[in-house]
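*Asks:* Just data-v9.tsv, nothing more (TSV, C-alpha atoms and all ligand atoms):
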chain	number	residue	atom	x	y	z
A	1	MET	CA	38.78	-36.75	19.19
A	2	LYS	CA	36.77	-36.75	15.98
A	3	HIS	CA	34.52	-33.71	15.56
A	4	LEU	CA	31.00	-33.91	14.16
A	5	ASP	CA	30.92	-33.48	10.41
A	6	GLU	CA	29.28	-30.49	8.77
A	7	SER	CA	25.94	-32.21	8.04
A	8	GLN	CA	25.69	-33.46	11.60
A	9	ILE	CA	26.35	-29.97	12.95
A	10	ALA	CA	23.77	-28.50	10.58
A	11	LEU	CA	21.13	-31.00	11.66
A	12	ALA	CA	22.05	-30.96	15.35
A	13	SER	CA	21.57	-27.17	15.41
A	14	ARG	CA	17.82	-27.78	15.50
A	15	GLY	CA	17.60	-31.29	16.86
A	16	ASP	CA	17.00	-32.80	13.42
A	17	LEU	CA	19.29	-35.81	13.82
A	18	SER	CA	17.50	-39.05	14.46
A	19	GLY	CA	17.98	-41.89	16.89
A	20	PHE	CA	21.51	-42.91	17.67
A	21	ALA	CA	23.12	-40.09	15.66
A	22	ASN	CA	21.20	-37.62	17.80
A	23	LEU	CA	22.39	-39.15	21.09
A	24	ARG	CA	25.98	-39.31	19.88
A	25	ALA	CA	25.93	-35.67	18.73
A	26	ARG	CA	24.43	-34.46	22.01
A	27	LEU	CA	27.05	-36.31	23.97
A	28	HIS	CA	29.83	-34.86	21.84
A	29	LEU	CA	28.48	-31.34	22.14
A	30	THR	CA	28.42	-31.50	25.93
A	31	PHE	CA	32.20	-31.57	26.04
A	32	CYS	CA	33.37	-30.06	22.71
A	33	LYS	CA	33.33	-26.28	22.60
A	34	THR	CA	34.56	-26.19	19.00
A	35	CYS	CA	31.48	-28.03	17.80
A	36	ARG	CA	29.18	-26.04	20.08
A	37	ASP	CA	30.49	-22.87	18.46
A	38	ARG	CA	29.83	-24.33	15.03
A	39	VAL	CA	26.27	-25.17	16.11
A	40	ALA	CA	25.83	-21.60	17.32
A	41	GLU	CA	26.76	-20.30	13.87
A	42	TYR	CA	24.07	-22.45	12.28
A	43	ARG	CA	21.56	-21.12	14.77
A	44	GLN	CA	22.50	-17.60	13.72
A	45	ASP	CA	21.98	-18.64	10.11
A	46	GLN	CA	18.44	-19.68	11.00
A	47	GLN	CA	17.74	-16.14	12.14
A	48	ARG	CA	19.33	-14.86	8.94
A	49	VAL	CA	17.11	-17.10	6.81
A	50	LYS	CA	14.04	-15.94	8.72
A	51	SER	CA	14.85	-12.29	8.19
A	52	ALA	CA	15.73	-12.84	4.53
A	53	VAL	CA	12.37	-14.51	3.90
A	54	ALA	CA	10.45	-11.87	5.86
A	55	ALA	CA	12.24	-9.02	4.07
A	56	PHE	CA	11.47	-10.28	0.56
A	57	GLU	CA	11.91	-7.80	-2.19
A	58	LEU	CA	9.44	-7.22	-4.98
A	59	PRO	CA	10.52	-6.29	-8.49
A	60	ARG	CA	11.26	-2.58	-8.59
A	61	SER	CA	8.15	-1.64	-10.51
A	62	MET	CA	5.89	-3.02	-7.77
A	63	LYS	CA	4.78	-1.62	-4.44
A	64	TRP	CA	3.82	-3.87	-1.56
A	65	ASP	CA	0.96	-1.62	-0.43
A	66	GLU	CA	-0.70	-1.90	-3.82
A	67	LEU	CA	-0.16	-5.62	-4.06
A	68	GLU	CA	-1.49	-6.08	-0.54
A	69	ALA	CA	-4.63	-4.08	-1.28
A	70	GLU	CA	-5.20	-6.02	-4.48
A	71	MET	CA	-4.81	-9.37	-2.75
A	72	PHE	CA	-7.03	-8.24	0.10
A	73	GLY	CA	-9.76	-7.29	-2.35
A	74	ASN	CA	-9.39	-10.50	-4.35
A	75	ILE	CA	-9.58	-12.62	-1.22
A	76	ARG	CA	-12.77	-10.86	-0.17
A	77	LEU	CA	-14.17	-11.29	-3.66
A	78	GLY	CA	-13.11	-14.94	-3.77
A	79	LEU	CA	-14.84	-15.63	-0.48
A	80	GLU	CA	-18.00	-14.01	-1.74
A	81	VAL	CA	-17.87	-16.03	-4.94
A	82	GLU	CA	-17.63	-19.14	-2.79
A	83	GLU	CA	-20.61	-18.05	-0.71
A	84	ILE	CA	-22.63	-17.34	-3.81
A	85	HIS	CA	-21.76	-20.72	-5.24
A	86	ARG	CA	-22.87	-22.33	-2.00
A	87	ASP	CA	-26.08	-20.31	-1.99
A	88	ALA	CA	-26.69	-21.37	-5.57
A	89	GLY	CA	-26.30	-24.99	-4.52
A	90	GLN	CA	-23.31	-25.58	-6.72
A	91	VAL	CA	-20.65	-27.98	-5.62
A	92	SER	CA	-17.58	-25.79	-5.60
A	93	PRO	CA	-15.63	-26.14	-2.38
A	94	VAL	CA	-12.79	-23.80	-3.31
A	95	VAL	CA	-12.49	-21.25	-6.06
A	96	VAL	CA	-9.08	-22.48	-7.17
A	97	GLN	CA	-10.64	-25.68	-8.45
A	98	HIS	CA	-13.19	-23.82	-10.45
A	99	GLU	CA	-11.38	-23.44	-13.72
A	100	ALA	CA	-14.12	-21.60	-15.55
A	101	MET	CA	-13.21	-18.47	-13.61
A	102	SER	CA	-9.54	-17.99	-12.90
A	103	TRP	CA	-8.07	-15.22	-10.81
A	104	ARG	CA	-6.97	-13.43	-13.91
A	105	GLY	CA	-10.51	-13.77	-15.21
A	106	LEU	CA	-11.89	-12.37	-12.00
A	107	ALA	CA	-9.43	-9.50	-12.11
A	108	ALA	CA	-10.37	-8.77	-15.71
A	109	ALA	CA	-14.07	-8.89	-14.84
A	110	GLY	CA	-13.37	-6.47	-11.99
A	111	ALA	CA	-11.66	-4.05	-14.35
A	112	MET	CA	-14.52	-4.27	-16.81
A	113	THR	CA	-17.01	-3.59	-14.06
A	114	ALA	CA	-15.17	-0.41	-13.19
A	115	ILE	CA	-15.18	0.70	-16.82
A	116	VAL	CA	-18.86	-0.03	-17.22
A	117	ILE	CA	-19.66	2.01	-14.13
A	118	THR	CA	-17.71	4.99	-15.46
A	119	GLY	CA	-19.36	4.79	-18.88
A	120	TRP	CA	-22.86	4.64	-17.50
A	121	PHE	CA	-22.17	7.43	-15.12
A	122	LEU	CA	-21.03	9.79	-17.83
A	123	THR	CA	-23.90	9.05	-20.19
A	124	GLY	CA	-26.55	7.94	-17.82
A	125	PRO	CA	-29.92	9.68	-18.29
A	126	GLY	CA	-31.36	6.32	-19.33
A	127	ALA	CA	-30.10	4.85	-16.16
A	128	GLN	CA	-31.71	7.65	-14.23
A	129	SER	CA	-35.03	6.97	-15.86
A	130	TYR	CA	-34.60	3.29	-15.15
A	131	LEU	CA	-33.91	4.06	-11.54
A	132	ARG	CA	-37.04	6.17	-11.34
A	133	HIS	CA	-39.40	3.85	-13.17
A	134	GLY	CA	-37.83	0.42	-13.06
A	135	PRO	CA	-38.70	-2.44	-10.72
A	136	SER	CA	-38.97	-1.50	-7.10
A	137	ALA	CA	-35.80	-1.59	-5.11
A	138	ILE	CA	-34.91	-4.58	-3.03
A	139	ALA	CA	-32.23	-2.67	-1.19
A	140	GLN	CA	-31.59	1.03	-1.01
A	141	VAL	CA	-29.31	3.52	0.68
A	142	ARG	CA	-29.84	7.27	0.70
A	143	SER	CA	-27.06	9.65	1.59
A	144	GLY	CA	-28.04	13.29	1.05
A	145	ALA	CA	-28.88	13.65	-2.63
A	146	VAL	CA	-27.40	10.29	-3.53
A	147	VAL	CA	-29.49	7.16	-3.72
A	148	LEU	CA	-28.00	3.74	-4.12
A	149	ARG	CA	-30.27	0.89	-4.89
A	150	GLY	CA	-30.30	-2.71	-5.90
A	151	ASP	CA	-33.03	-4.76	-7.52
A	152	GLU	CA	-33.36	-7.98	-9.49
A	153	HIS	CA	-31.42	-6.53	-12.42
A	154	GLY	CA	-28.38	-5.11	-10.71
A	155	VAL	CA	-27.19	-2.13	-8.74
A	156	GLY	CA	-27.51	1.55	-9.45
A	157	LEU	CA	-26.76	5.03	-8.22
A	158	GLU	CA	-28.54	8.31	-8.71
A	159	ASN	CA	-27.03	11.67	-7.87
A	160	ARG	CA	-28.60	15.08	-8.59
A	161	GLY	CA	-30.21	14.22	-11.89
A	162	THR	CA	-27.58	11.81	-13.12
A	163	GLY	CA	-27.76	8.09	-12.70
A	164	LEU	CA	-25.87	4.97	-13.40
A	165	MET	CA	-27.07	1.45	-13.49
A	166	LEU	CA	-24.92	-1.59	-13.57
A	167	ARG	CA	-26.93	-4.53	-14.77
A	168	ASN	CA	-26.28	-8.18	-14.33
A	169	VAL	CA	-26.72	-9.23	-17.91
A	170	SER	CA	-26.53	-12.97	-17.70
A	171	ALA	CA	-28.72	-13.76	-14.73
A	172	PRO	CA	-30.92	-12.15	-12.12
A	173	ALA	CA	-28.93	-10.93	-9.19
A	174	GLY	CA	-28.78	-13.58	-6.53
A	175	ARG	CA	-27.88	-11.42	-3.62
A	176	PHE	CA	-27.86	-7.87	-2.43
A	177	GLU	CA	-25.92	-6.13	0.14
A	178	VAL	CA	-26.21	-2.58	1.32
A	179	SER	CA	-23.76	-1.21	3.81
A	180	LEU	CA	-23.64	1.86	5.98
A	181	ASP	CA	-20.45	3.09	4.36
A	182	GLY	CA	-22.54	3.74	1.26
A	183	SER	CA	-22.15	0.83	-1.08
A	184	VAL	CA	-24.57	-1.44	-2.84
A	185	ARG	CA	-23.48	-4.74	-4.18
A	186	ALA	CA	-25.33	-7.26	-6.28
A	187	SER	CA	-24.05	-10.65	-7.24
A	188	ALA	CA	-25.34	-13.14	-9.74
A	189	VAL	CA	-24.42	-16.62	-10.83
A	190	ASP	CA	-24.84	-17.69	-14.43
A	191	GLN	CA	-26.41	-21.10	-14.13
A	192	ASP	CA	-24.83	-22.39	-17.33
A	193	SER	CA	-21.24	-21.29	-16.99
A	194	GLY	CA	-21.14	-20.95	-13.23
A	195	GLN	CA	-19.61	-17.53	-13.76
A	196	VAL	CA	-20.19	-15.08	-10.97
A	197	THR	CA	-20.73	-11.39	-11.57
A	198	VAL	CA	-20.30	-9.04	-8.68
A	199	SER	CA	-21.45	-5.48	-9.25
A	200	GLN	CA	-20.65	-2.83	-6.78
A	201	VAL	CA	-21.34	0.86	-6.53
A	202	TYR	CA	-19.99	3.24	-3.93
A	203	VAL	CA	-20.94	6.71	-2.88
A	204	GLU	CA	-17.79	8.69	-2.32
B	1	MET	CA	-28.49	7.64	6.26
B	2	SER	CA	-31.11	4.92	6.27
B	3	THR	CA	-30.45	1.37	5.34
B	4	SER	CA	-32.44	-1.64	4.33
B	5	SER	CA	-31.21	-4.99	3.21
B	6	VAL	CA	-32.40	-8.45	2.32
B	7	PRO	CA	-31.25	-11.37	4.41
B	8	ASN	CA	-28.76	-13.81	2.93
B	9	SER	CA	-26.39	-16.49	4.13
B	10	SER	CA	-23.25	-14.36	4.07
B	11	PRO	CA	-21.14	-14.15	7.24
B	12	SER	CA	-22.11	-11.66	9.90
B	13	ALA	CA	-20.32	-8.33	10.14
B	14	ALA	CA	-18.42	-9.60	13.16
B	15	GLU	CA	-17.32	-12.72	11.31
B	16	ARG	CA	-16.25	-10.67	8.37
B	17	GLU	CA	-14.24	-8.38	10.59
B	18	LEU	CA	-12.49	-11.39	12.09
B	19	GLN	CA	-11.72	-12.70	8.63
B	20	ASP	CA	-10.34	-9.35	7.54
B	21	ARG	CA	-8.15	-9.15	10.62
B	22	PHE	CA	-6.86	-12.65	10.06
B	23	VAL	CA	-5.94	-11.74	6.48
B	24	ARG	CA	-4.29	-8.47	7.48
B	25	GLU	CA	-2.23	-10.11	10.21
B	26	ASN	CA	-0.98	-12.95	8.03
B	27	LEU	CA	-0.96	-11.69	4.45
B	28	ARG	CA	2.63	-10.53	4.32
B	29	ARG	CA	4.01	-13.64	5.98
B	30	VAL	CA	2.07	-16.00	3.74
B	31	PHE	CA	3.02	-14.08	0.61
B	32	ALA	CA	6.69	-14.06	1.66
B	33	LEU	CA	6.64	-17.81	2.21
B	34	ILE	CA	4.97	-18.60	-1.10
B	35	TYR	CA	7.07	-16.08	-3.01
B	36	ARG	CA	10.18	-17.81	-1.67
B	37	ILE	CA	8.91	-21.16	-2.90
B	38	VAL	CA	7.54	-20.26	-6.33
B	39	GLY	CA	9.85	-17.35	-7.09
B	40	ASN	CA	7.63	-14.92	-8.97
B	41	VAL	CA	5.09	-12.32	-7.92
B	42	ALA	CA	2.19	-13.25	-10.20
B	43	ASP	CA	2.05	-16.88	-9.10
B	44	ALA	CA	2.75	-15.95	-5.48
B	45	GLN	CA	-0.16	-13.51	-5.57
B	46	ASP	CA	-2.62	-16.08	-6.98
B	47	LEU	CA	-1.49	-18.76	-4.57
B	48	THR	CA	-1.62	-16.41	-1.58
B	49	GLN	CA	-5.20	-15.54	-2.44
B	50	ASP	CA	-6.11	-19.19	-2.92
B	51	THR	CA	-4.50	-20.03	0.42
B	52	PHE	CA	-6.64	-17.52	2.32
B	53	ILE	CA	-9.81	-18.48	0.53
B	54	LYS	CA	-9.23	-22.14	1.38
B	55	ALA	CA	-8.22	-21.31	4.93
B	56	LEU	CA	-11.07	-18.94	5.73
B	57	GLN	CA	-13.62	-21.58	4.83
B	58	ARG	CA	-12.32	-23.72	7.67
B	59	LYS	CA	-13.65	-21.75	10.60
B	60	ASP	CA	-12.83	-24.58	13.00
B	61	GLN	CA	-9.13	-24.09	12.28
B	62	LEU	CA	-9.13	-20.36	12.93
B	63	LYS	CA	-10.00	-20.15	16.59
B	64	ASP	CA	-6.61	-20.37	18.25
B	65	GLY	CA	-4.31	-17.53	17.11
B	66	ASP	CA	-0.88	-19.20	17.20
B	67	LYS	CA	-2.11	-22.57	16.04
B	68	SER	CA	-4.10	-21.11	13.22
B	69	ALA	CA	-1.09	-19.09	12.03
B	70	GLN	CA	0.98	-22.25	11.88
B	71	TRP	CA	-1.82	-24.18	10.22
B	72	LEU	CA	-2.06	-21.38	7.66
B	73	GLY	CA	1.65	-21.85	6.94
B	74	ARG	CA	0.95	-25.49	6.13
B	75	VAL	CA	-1.93	-24.62	3.84
B	76	ALA	CA	0.30	-22.06	2.11
B	77	SER	CA	3.20	-24.52	1.68
B	78	ASN	CA	0.91	-27.22	0.36
B	79	THR	CA	-0.74	-24.82	-2.05
B	80	ALA	CA	2.63	-23.62	-3.37
B	81	ILE	CA	4.09	-27.08	-3.71
B	82	ASP	CA	0.98	-28.50	-5.37
B	83	PHE	CA	1.30	-25.67	-7.84
B	84	LEU	CA	4.95	-26.48	-8.57
B	85	ARG	CA	4.05	-30.13	-9.01
B	86	ARG	CA	1.25	-29.36	-11.42
B	87	LYS	CA	3.41	-26.90	-13.29
B	88	ALA	CA	6.25	-29.33	-13.57
B	89	ARG	CA	4.03	-32.37	-14.20
B	90	VAL	CA	6.78	-34.35	-12.58
B	91	ASN	CA	7.43	-35.59	-9.09
B	92	PHE	CA	8.77	-33.05	-6.70
B	93	THR	CA	12.07	-34.94	-6.66
B	94	GLU	CA	12.54	-33.91	-10.28
B	95	ILE	CA	11.73	-30.26	-9.80
B	96	ASP	CA	15.38	-29.37	-9.58
B	97	SER	CA	15.73	-30.08	-13.25
B	98	LEU	CA	13.54	-27.05	-13.93
B	99	PRO	CA	15.07	-23.63	-14.40
B	100	GLU	CA	15.45	-21.91	-11.06
B	101	PRO	CA	12.50	-19.59	-10.52
B	102	LEU	CA	14.35	-17.05	-8.40
B	103	PRO	CA	15.20	-14.31	-9.09
B	104	ASP	CA	13.78	-12.20	-11.94
B	105	PRO	CA	17.28	-10.88	-12.64
B	106	SER	CA	16.36	-8.20	-15.16
B	107	GLU	CA	13.93	-6.64	-12.74
B	108	ARG	CA	15.62	-7.20	-9.46
B	109	ARG	CA	19.34	-6.77	-9.96
B	110	ALA	CA	19.99	-3.39	-11.53
B	111	ASP	CA	20.35	-1.03	-8.65
B	112	GLU	CA	19.22	-3.16	-5.79
B	113	GLU	CA	22.61	-2.89	-4.15
B	114	MET	CA	21.97	0.80	-3.77
B	115	LEU	CA	18.37	0.43	-2.73
B	116	ARG	CA	18.72	-2.02	0.09
B	117	ALA	CA	21.08	-3.02	2.83
B	118	GLU	CA	23.97	-5.02	1.51
B	119	GLU	CA	23.46	-7.70	4.12
B	120	ALA	CA	19.88	-8.33	3.03
B	121	ALA	CA	20.96	-8.57	-0.59
B	122	TYR	CA	23.62	-11.06	0.35
B	123	LEU	CA	21.22	-13.19	2.35
B	124	ASP	CA	18.99	-13.32	-0.70
B	125	HIS	CA	21.96	-14.39	-2.74
B	126	CYS	CA	22.67	-17.20	-0.28
B	127	LEU	CA	19.08	-18.45	-0.46
B	128	GLU	CA	18.97	-18.21	-4.22
B	129	ALA	CA	22.05	-20.39	-4.50
B	130	LEU	CA	20.04	-23.32	-3.11
B	131	SER	CA	18.06	-25.70	-5.28
B	132	VAL	CA	14.26	-25.42	-5.19
B	133	ARG	CA	13.83	-28.43	-2.92
B	134	GLU	CA	16.67	-27.38	-0.62
B	135	ARG	CA	15.26	-23.90	-0.29
B	136	THR	CA	11.71	-25.15	0.22
B	137	ALA	CA	12.78	-27.66	2.87
B	138	LEU	CA	14.83	-24.98	4.63
B	139	VAL	CA	12.02	-22.44	4.61
B	140	LEU	CA	9.45	-24.93	5.89
B	141	ARG	CA	11.73	-26.18	8.63
B	142	ASP	CA	13.52	-23.00	9.76
B	143	VAL	CA	11.04	-20.26	8.94
B	144	GLU	CA	7.71	-22.02	9.35
B	145	ASP	CA	9.09	-24.22	12.13
B	146	LEU	CA	7.43	-27.35	10.85
B	147	PRO	CA	8.91	-30.61	12.18
B	148	ALA	CA	11.11	-32.45	9.68
B	149	SER	CA	8.57	-35.28	9.46
B	150	GLU	CA	5.91	-32.84	8.35
B	151	VAL	CA	8.22	-31.19	5.83
B	152	ALA	CA	8.80	-34.67	4.42
B	153	ALA	CA	5.05	-35.24	4.15
B	154	ILE	CA	4.52	-31.93	2.37
B	155	LEU	CA	7.38	-32.53	-0.06
B	156	GLY	CA	6.32	-36.13	-0.60
B	157	CYS	CA	9.66	-37.66	0.27
B	158	SER	CA	11.07	-39.80	3.08
B	159	PRO	CA	12.24	-38.28	6.38
B	160	ALA	CA	15.80	-39.36	5.54
B	161	THR	CA	15.65	-37.53	2.20
B	162	VAL	CA	14.22	-34.43	3.78
B	163	ARG	CA	16.97	-34.42	6.42
B	164	SER	CA	19.47	-34.59	3.62
B	165	HIS	CA	17.82	-31.60	1.87
B	166	ILE	CA	17.80	-29.64	5.11
B	167	ALA	CA	21.43	-30.47	5.88
B	168	ASN	CA	22.53	-29.56	2.35
B	169	ALA	CA	20.57	-26.32	2.48
B	170	ARG	CA	22.05	-25.27	5.82
B	171	THR	CA	25.64	-26.20	4.94
B	172	LYS	CA	25.45	-24.52	1.52
B	173	PHE	CA	23.94	-21.39	3.03
B	174	ARG	CA	26.66	-21.37	5.68
B	175	ALA	CA	29.46	-21.86	3.14
B	176	ILE	CA	28.22	-19.07	0.86
B	177	TYR	CA	27.65	-16.74	3.78
B	178	GLU	CA	31.21	-17.38	4.98
B	179	GLN	CA	32.64	-16.70	1.52
B	180	ARG	CA	31.56	-13.13	1.73
B	181	LYS	CA	33.08	-12.66	5.16
B	182	GLU	CA	36.35	-13.96	3.84
B	183	ALA	CA	36.19	-11.67	0.83
B	184	GLN	CA	35.82	-8.59	3.01
A	301	ZN	ZN	33.80	-31.41	18.26
Go through the file and emit its structure as structure tokens.
Ligand SMILES: [Zn+2]
*Replies:*
Amino acid sequence: MKHLDESQIALASRGDLSGFANLRARLHLTFCKTCRDRVAEYRQDQQRVKSAVAAFELPRSMKWDELEAEMFGNIRLGLEVEEIHRDAGQVSPVVVQHEAMSWRGLAAAGAMTAIVITGWFLTGPGAQSYLRHGPSAIAQVRSGAVVLRGDEHGVGLENRGTGLMLRNVSAPAGRFEVSLDGSVRASAVDQDSGQVTVSQVYVE
Amino acid sequence: MSTSSVPNSSPSAAERELQDRFVRENLRRVFALIYRIVGNVADAQDLTQDTFIKALQRKDQLKDGDKSAQWLGRVASNTAIDFLRRKARVNFTEIDSLPEPLPDPSERRADEEMLRAEEAAYLDHCLEALSVRERTALVLRDVEDLPASEVAAILGCSPATVRSHIANARTKFRAIYEQRKEAQ
């Protein structure tokens, strides 16, 4: 009796043989224990492959939790960019096709936003005055002494005599969002470049 | 705390919560799949993000839990393979002539034997011994459970060719796995 060859066993282990080869293999396997055992080993391999893929390992300098949080944030941001583009009437079905703003660009813009917020917060009496006397707020959250607000120029925060204002330089903010967890977010689309700026301020 | 807000066309809070849950439940699996195909973290991260952004805009595909998870696997595979194609600027059948993307040896090898179970390290070794197309075909068929015909469609080759990739991948994996047992 001629046993199935290695490729046939490998394919038969998940029913991947076609047509006549499949029928022949199934017939052989019904009465050949040797080949059935070989098939069983391939089925175990499939579990091994699954666990190896699921238990991927990152380079040692990286932590999954951090990567996960970063991706989670970028996905949220990417979805918002898409919404803003749709609101702005631009034809941009998915962000990946929008080469003017790559992920790395978005990440860099995010980092710059954080730096700008810190800088304004440390040296922000001007921002405070702006918050007091500037255009009236479109959206506002008050939490104790802290006021968060958004208007056509951006988002801002005022806290016990200190303020910060993050302005959308290139274009009026297209959208505001104020949430109960104490954040204000403004987003703007530059009509020329299509670049989206998302400014966000939190009360901790 | 008082709140006021202007209306806009963004998704409702409930929709957003559903989206977030969908991402949380599938992020690790999608990343693992793409990482296995493209072989480095930076590209896998970008492509994982792109996958979810594409997927979450198709609300019609997200209603049925199991089906949407499998559909997401397809979006992820397509995204990763499109990326490899663009990067290679050659047909997928020629991708094997590229340097193997896995692993980043300088970063991953040093003391990994100490840090992780030996078995897991060896399984990685078995997978890494496969060519890109063998590994991709194997992962799509045996991890994502896509039918061979669909794997062929994603890889842009004939069903006969994809069966040959799958068979080669499984027999190579088996042979390398057995080598270690014999060495022990
Ligand atoms: Zn036999």
*Asks:* Residues within 6 Å of ligand ZN 301 (chain A), counting only C-alpha atoms and all ligand atoms: report them as an MDAnalysis selection string.
*Replies:* chainID A and resid 3:4 32 34:35
*Asks:* Excluding range 134-137 of chain B and its own-chain neighbours fewer than 4 positions away, which residues fall within 9 Å of it when counting all atoms listed in the file? Please give them as a VMD selection string.
*Replies:* chain B and resid 36 to 37 77 81 127 to 130 141 to 142 148 151 to 152 155 162 to 170
*Asks:* What is the distance, in Å and to one decimal place, between CA of Gln70 in chain B and CA of Ile53 in chain B?
*Replies:*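 Going from CA of Gln70 in chain B over to CA of Ile53 in chain B, I get 16.1 Å.
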*Asks:* Rounded to one decimal in Å, what is the spacing between CA of Glu68 in chain A and CA of Val81 in chain A?
*Replies:*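 Distance reported for this atom pair: 19.7 Å.
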*Asks:* If you measure from CA of Leu62 in chain B to CA of Phe22 in chain B, what distance in Å do you get, rounded to one decimal?
*Replies:* 8.5 Å
*Asks:* Determine, counting all atoms listed in the file, which protein, DNA and RNA residues have an atom within 12 Å of an atom of Tyr42 in chain A; residues of the same chain fewer than 4 positions away are not included. Present the result as JSON, numbers by chain.
*Replies:* {"A": [6, 7, 8, 9, 10, 11, 12, 13, 14, 15, 35, 36, 37, 38, 46, 47, 48, 49], "B": [142, 166, 167, 169, 170, 171, 172, 173, 174, 175, 177, 178]}
*Asks:* Centre and edge lengths, as AutoDock Vina command-line options, for the axis-aligned box enclosing every listed atom of range 34-53 of chain B with 5 Å of padding on each of the six sides, in Å to one decimal?
*Replies:*
--center_x 0.2 --center_y -16.7 --center_z -3.9 --size_x 30.0 --size_y 18.8 --size_z 22.5
*Asks:* Of the candidates B:Leu140, B:Ala76, B:Ala69, B:Leu123, which shows the shortest atom-to-atom distance to chain A, using all atoms listed in the file?
*Replies:* B:Leu123
*Asks:* Looking at B:Lys67, B:Arg29, B:Arg21, B:Arg58, which one is nearest to chain A, with distances taken over only C-alpha atoms?
*Replies:* B:Arg29
*Asks:* Out of B:Arg28, B:Gln45, B:Pro11, B:Tyr35, which residue has the shortest atom-to-atom distance to Ile75 in chain A when counting all atoms listed in the file?
*Replies:*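 That would be B:Gln45, the residue with the smallest distance to Ile75 in chain A.
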*Asks:* For Ala44 in chain B, which of B:Pro147, B:Ala32, B:Glu182, B:Arg24 is the closest residue, counting all atoms listed in the file?
*Replies:*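 Looking at the shortest contact to Ala44 in chain B, the residue is B:Ala32.
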*Asks:* From the list B:Ala55, B:Ala120, B:Ala80, B:Leu72, which residue is nearest chain A when using all atoms listed in the file?
*Replies:*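 Checking each of B:Ala55, B:Ala120, B:Ala80, B:Leu72 against chain A, counting all atoms listed in the file, the winner is B:Ala120.
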*Asks:* Select, from B:Leu56, B:Cys126, B:Ala42, B:Val30, the residue with the minimum atom-to-atom distance to Glu144 in chain B, counting only C-alpha atoms.
*Replies:* B:Val30
